[in-house]
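Visitor: One structure is given below, represented as structure tokens, and several questions about it will come after.
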Amino acid sequence: MKSIPESLQALVGQAARRIDTPALVIDLDAMDRNIERMARFARQHGVLWRPHAKLHKSAHIALLLEQAGACGHCVQKVSEAEALAEGGVNNIFISNEVVSPAKLERVARLAKTLYARSGRLAIAVDNAEGVARLARAMQEAKAANGAIDVLVEINVGQNRCGVAPGAAAVELARAILAQPTLRFAGLQAYHGGAQHLRSARERREAIAQVLGHVNRTRHAFDAAGIELPLITGAGTGTMVHEAASGVYGEIQPGSFLFMDADYAANEHDPAQPVFEHALYVKTQVMSVGEGRAVCDAGHKSHAVDSGLPRLHALPPGQALRFANGGDEHGVLYPAEEAGNTSGWLPALGETLWLIPGHCDPTVNLHDHLIGVRGGRLKGVVERIFTVDGRGALT
């Protein structure tokens, strides 16, 4: 696991105002409430929840989620799985395809390691060649039979990875069942694009189509006489529909933990828990010019793939618009459309809090997450989390 510099560790017990900028800060009280709401939601719907660790990339946070009832964790990369396992996480699903022989050697080694720790490793496949390569890697690693779970990913509408629903998925399951070193564990049925459809109606309709693909595949498995142990998928934006379907046994939301500006733009579905913003970029004003102020949080501190960050908790008379200032700077302008008609700007050195547009890649820009208890303004630094999976691209 990654280390924490002494200067950063010395912040523990200090007032939140002592955090230097730019920094990525977790409101621990809000995060805890989000976790409790997710755990309660899963219990009420009788589903397992396997949060996606590509959000936080922290073994310590993953273990906190397990303590609250999470059954395990999803990752997208082998290196993310390795980072979590090194930090003591024992139940990991690589919800993505891996076909590179070098990576599959690592998958096999990790499966063998987790199996020896009474843990589990799972992986998604969408083609027969990938199944054959995985089986060969497991054999060469001399991993115990059944040491790895293999789920068939079906294309439920995203048109990214996934085999066609129905008969093609059954044939791929047969290929898995024919390999003694592999264990067929069910279906991966996740529609990432549906998470960010803005209206509740659009998301509901998208998942209705997903369920059509899933049910067609279930019926094909029934007709073939093959048991389907689990159907897993769903994200923060649509999980209410998958959980209520009676078809999914497990859901995979991740962003619920922190939330971001992109998810905040979604229309709320009344059936879904209300999750709070818990992740912020703390920044301060480093320059003030004519009609603008400049803060020290540029693109190096927050991702922009889902848009620029927005300012948090400013009253209408002090509303600001964040504009692109490059790698090191954010340019702030009075947001007249939001009520700042006086041209108010923050003073030199003033602290501001940004809600990132997309939390996952924002976390990937930082080595550490600073956890604050008691609020961002008057709280105290309680702990420092290492971003163990930062840069885990392979």
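For the structure tokens, the naming scheme is as follows: chains receive sequential letters (A, B, ...) according to their order of presentation, residues are indexed from 1 within each chain, and ligands are indexed from 1 in presentation order.
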Excluding region 235-250 of chain A and residues on its chain fewer than 6 positions from it, collect all residues at most 6 Å away from it, counting only C-alpha atoms, and give them as a PyMOL selection string.
Guide: chain A and resi 47-49+195+256+272
Visitor: Find the residues near region 34-40 of chain A: any atom within 6 Å, counting only C-alpha atoms, skip ones fewer than 3 places away on the same chain, and give them as a short mmCIF file (atom, residue, chain, number, x, y, z; two decimals) with C-alpha atoms, in the first residue's frame.
Guide:
```
data_model
loop_
_atom_site.label_atom_id
_atom_site.label_comp_id
_atom_site.auth_asym_id
_atom_site.auth_seq_id
_atom_site.Cartn_x
_atom_site.Cartn_y
_atom_site.Cartn_z
CA MET A 31 -19.95 9.67 3.40
CA ARG A 43 -31.46 -4.84 2.72
CA LEU A 257 -20.32 7.17 -1.90
CA PHE A 275 -27.09 10.66 -1.60
#
```
Visitor: Apply DSSP to the backbone of this structure and, from region 216-295 of chain A, keep only the residues in strand (DSSP E or B); write these as a ChimeraX atom specification.
Guide: /A:231-233,250-251,279-289,292-295
Visitor: Neighbours of region 54-65 of chain A within 7 Å (only C-alpha atoms; same-chain residues fewer than 3 positions away dropped), as a short mmCIF file (atom, residue, chain, number, x, y, z; two decimals) with N, CA and C atoms, in the first residue's frame?
Guide:
```cif
data_model
loop_
_atom_site.label_atom_id
_atom_site.label_comp_id
_atom_site.auth_asym_id
_atom_site.auth_seq_id
_atom_site.Cartn_x
_atom_site.Cartn_y
_atom_site.Cartn_z
N ALA A 68 -19.82 -2.30 6.54
CA ALA A 68 -21.21 -1.84 6.49
C ALA A 68 -22.13 -2.82 5.77
N GLY A 69 -21.55 -3.90 5.21
CA GLY A 69 -22.39 -4.91 4.59
C GLY A 69 -22.11 -5.21 3.14
N ALA A 70 -21.18 -4.50 2.49
CA ALA A 70 -20.86 -4.81 1.10
C ALA A 70 -20.32 -6.23 1.00
N VAL A 75 -13.82 -3.86 -9.70
CA VAL A 75 -12.77 -3.02 -10.29
C VAL A 75 -12.84 -3.20 -11.80
N GLN A 76 -12.13 -2.38 -12.54
CA GLN A 76 -12.10 -2.49 -13.99
C GLN A 76 -10.75 -2.96 -14.52
N LEU A 84 -6.12 -3.50 -4.32
CA LEU A 84 -7.07 -3.81 -3.25
C LEU A 84 -6.64 -5.05 -2.48
N GLY A 87 -4.06 -4.53 -0.01
CA GLY A 87 -4.58 -3.83 1.17
C GLY A 87 -5.52 -4.65 2.01
N VAL A 89 -8.23 -6.69 0.88
CA VAL A 89 -9.56 -6.98 0.34
C VAL A 89 -9.52 -8.36 -0.32
N GLY A 254 -21.26 2.72 -7.37
CA GLY A 254 -20.01 3.21 -6.79
C GLY A 254 -20.09 4.68 -6.42
N SER A 255 -20.63 5.51 -7.33
CA SER A 255 -20.60 6.96 -7.13
C SER A 255 -21.46 7.43 -5.97
N CYS A 359 -16.26 12.19 -10.25
CA CYS A 359 -15.43 11.86 -9.09
C CYS A 359 -14.36 10.80 -9.39
N ASP A 360 -14.66 9.77 -10.20
CA ASP A 360 -13.71 8.68 -10.39
C ASP A 360 -12.35 9.16 -10.92
N VAL A 363 -10.39 11.44 -8.41
CA VAL A 363 -9.64 10.71 -7.37
C VAL A 363 -8.32 10.21 -7.94
N PHE A 385 -6.63 8.78 3.76
CA PHE A 385 -6.74 7.56 2.98
C PHE A 385 -5.74 7.60 1.83
N THR A 386 -5.07 6.50 1.59
CA THR A 386 -4.21 6.40 0.42
C THR A 386 -5.04 5.97 -0.79
N VAL A 387 -4.75 6.56 -1.94
CA VAL A 387 -5.39 6.16 -3.18
C VAL A 387 -4.53 5.05 -3.79
N ASP A 388 -4.74 3.84 -3.31
CA ASP A 388 -3.86 2.71 -3.63
C ASP A 388 -3.88 2.36 -5.11
N GLY A 389 -5.01 2.59 -5.78
CA GLY A 389 -5.14 2.23 -7.18
C GLY A 389 -4.89 3.40 -8.12
N ARG A 390 -4.28 4.47 -7.62
CA ARG A 390 -4.01 5.59 -8.53
C ARG A 390 -3.10 5.15 -9.67
#
```
Visitor: Tell me, as a count of residues only, which residues lie within 10 Å of Ser199 (chain A), counting only C-alpha atoms; anything in the same chain fewer than 5 positions away does not count.
Guide: 6
Visitor: Counting only C-alpha atoms, what is within 8 Å of region 119-123 of chain A, bar same-chain residues fewer than 4 positions away, as a PDB file with C-alpha atoms, in the first residue's frame?
Guide:
```pdb
ATOM      1  CA  ASN A  90     -10.452 -10.614  -0.434  1.00  0.00           C
ATOM      2  CA  ASN A  91     -13.569 -10.558  -2.649  1.00  0.00           C
ATOM      3  CA  ILE A  92     -12.987  -8.797  -5.964  1.00  0.00           C
ATOM      4  CA  PHE A  93     -14.745  -8.826  -9.328  1.00  0.00           C
ATOM      5  CA  ILE A  94     -12.888  -7.530 -12.380  1.00  0.00           C
ATOM      6  CA  SER A  95     -16.043  -6.447 -14.197  1.00  0.00           C
ATOM      7  CA  ASN A  96     -14.204  -6.132 -17.477  1.00  0.00           C
ATOM      8  CA  GLU A  97     -12.622  -8.315 -20.142  1.00  0.00           C
ATOM      9  CA  LEU A 110      -4.129 -13.164  -7.916  1.00  0.00           C
ATOM     10  CA  ALA A 111      -6.912 -15.756  -8.058  1.00  0.00           C
ATOM     11  CA  LEU A 114      -7.096 -14.883  -2.857  1.00  0.00           C
ATOM     12  CA  TYR A 115      -8.239 -18.514  -2.923  1.00  0.00           C
ATOM     13  CA  ALA A 147     -10.410 -20.633  -7.793  1.00  0.00           C
ATOM     14  CA  ILE A 148     -11.878 -18.065 -10.152  1.00  0.00           C
ATOM     15  CA  ASP A 149     -15.483 -17.138 -10.937  1.00  0.00           C
ATOM     16  CA  VAL A 150     -16.268 -16.264 -14.541  1.00  0.00           C
ATOM     17  CA  LEU A 151     -19.302 -14.211 -15.548  1.00  0.00           C
TER      18      LEU A 151
END
```
Visitor: What does the distance from CA of Leu365 (chain A) to CA of Glu66 (chain A) come to in Å, to one decimal?
Guide: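 Distance reported for this atom pair: 24.9 Å.
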Visitor: Let me make sure I understand: among A:Gly391, A:Gly371, A:Gly291, A:Pro309, which one has the smallest atom-to-atom distance to Asp262 (chain A) if we use only C-alpha atoms?
Guide: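 Comparing A:Gly391, A:Gly371, A:Gly291, A:Pro309 against Asp262 (chain A), the winner is A:Pro309.
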Visitor: Taking a cut-off of 7 Å and counting only C-alpha atoms, can you build a table that, for each residue of region 251-304 of chain A near region 23-28 of chain A, reports the nearest atom pair and how far apart they are in Å (one decimal), sorted by chain then residue number, as a Markdown table?
Guide:
```
| residue | atom | partner | partner_atom | distance |
| --- | --- | --- | --- | --- |
| A:Ala278 | CA | A:Asp27 | CA | 4.9 |
| A:Leu279 | CA | A:Ile26 | CA | 4.7 |
| A:Tyr280 | CA | A:Val25 | CA | 5.2 |
| A:Val281 | CA | A:Leu24 | CA | 4.7 |
| A:Lys282 | CA | A:Ala23 | CA | 5.3 |
```
Visitor: Tell me, as JSON, numbers by chain, which residues lie within 12 Å of Ser7 (chain A), counting only C-alpha atoms; anything in the same chain fewer than 4 positions away does not count.
Guide: {"A": [3, 11, 12, 14, 18, 19, 20, 384]}
Visitor: Could you pull the residues within 7 Å of Leu230 (chain A), counting only C-alpha atoms, minus those fewer than 5 positions along the same chain, as a list in words?
Guide: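 Returned residues: Ala185, Gly186, Leu187 and Gly249 of chain A.
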Visitor: Separation of CA of Ile370 (chain A) and CA of Ala16 (chain A), in Å?
Guide: 9.3 Å
Visitor: Rank nothing, just name the residue among A:Asn364, A:Asn127, A:Thr217, A:Gln139 nearest to Leu172 (chain A), using only C-alpha atoms.
Guide: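 For Leu172 (chain A), the nearest of the given residues is A:Asn127.
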Visitor: Find, counting only C-alpha atoms, the residue in A:Ala15, A:His302, A:Cys295, A:Trp353 that gets nearest to Gly325 (chain A).
Guide: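 Smallest separation from Gly325 (chain A) among the options: A:Cys295.
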Visitor: State, in Å with one decimal place, the distance from CA of Ala392 (chain A) to CA of Lys77 (chain A).
Guide: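 Result for CA of Ala392 (chain A) versus CA of Lys77 (chain A): 6.9 Å, one decimal.
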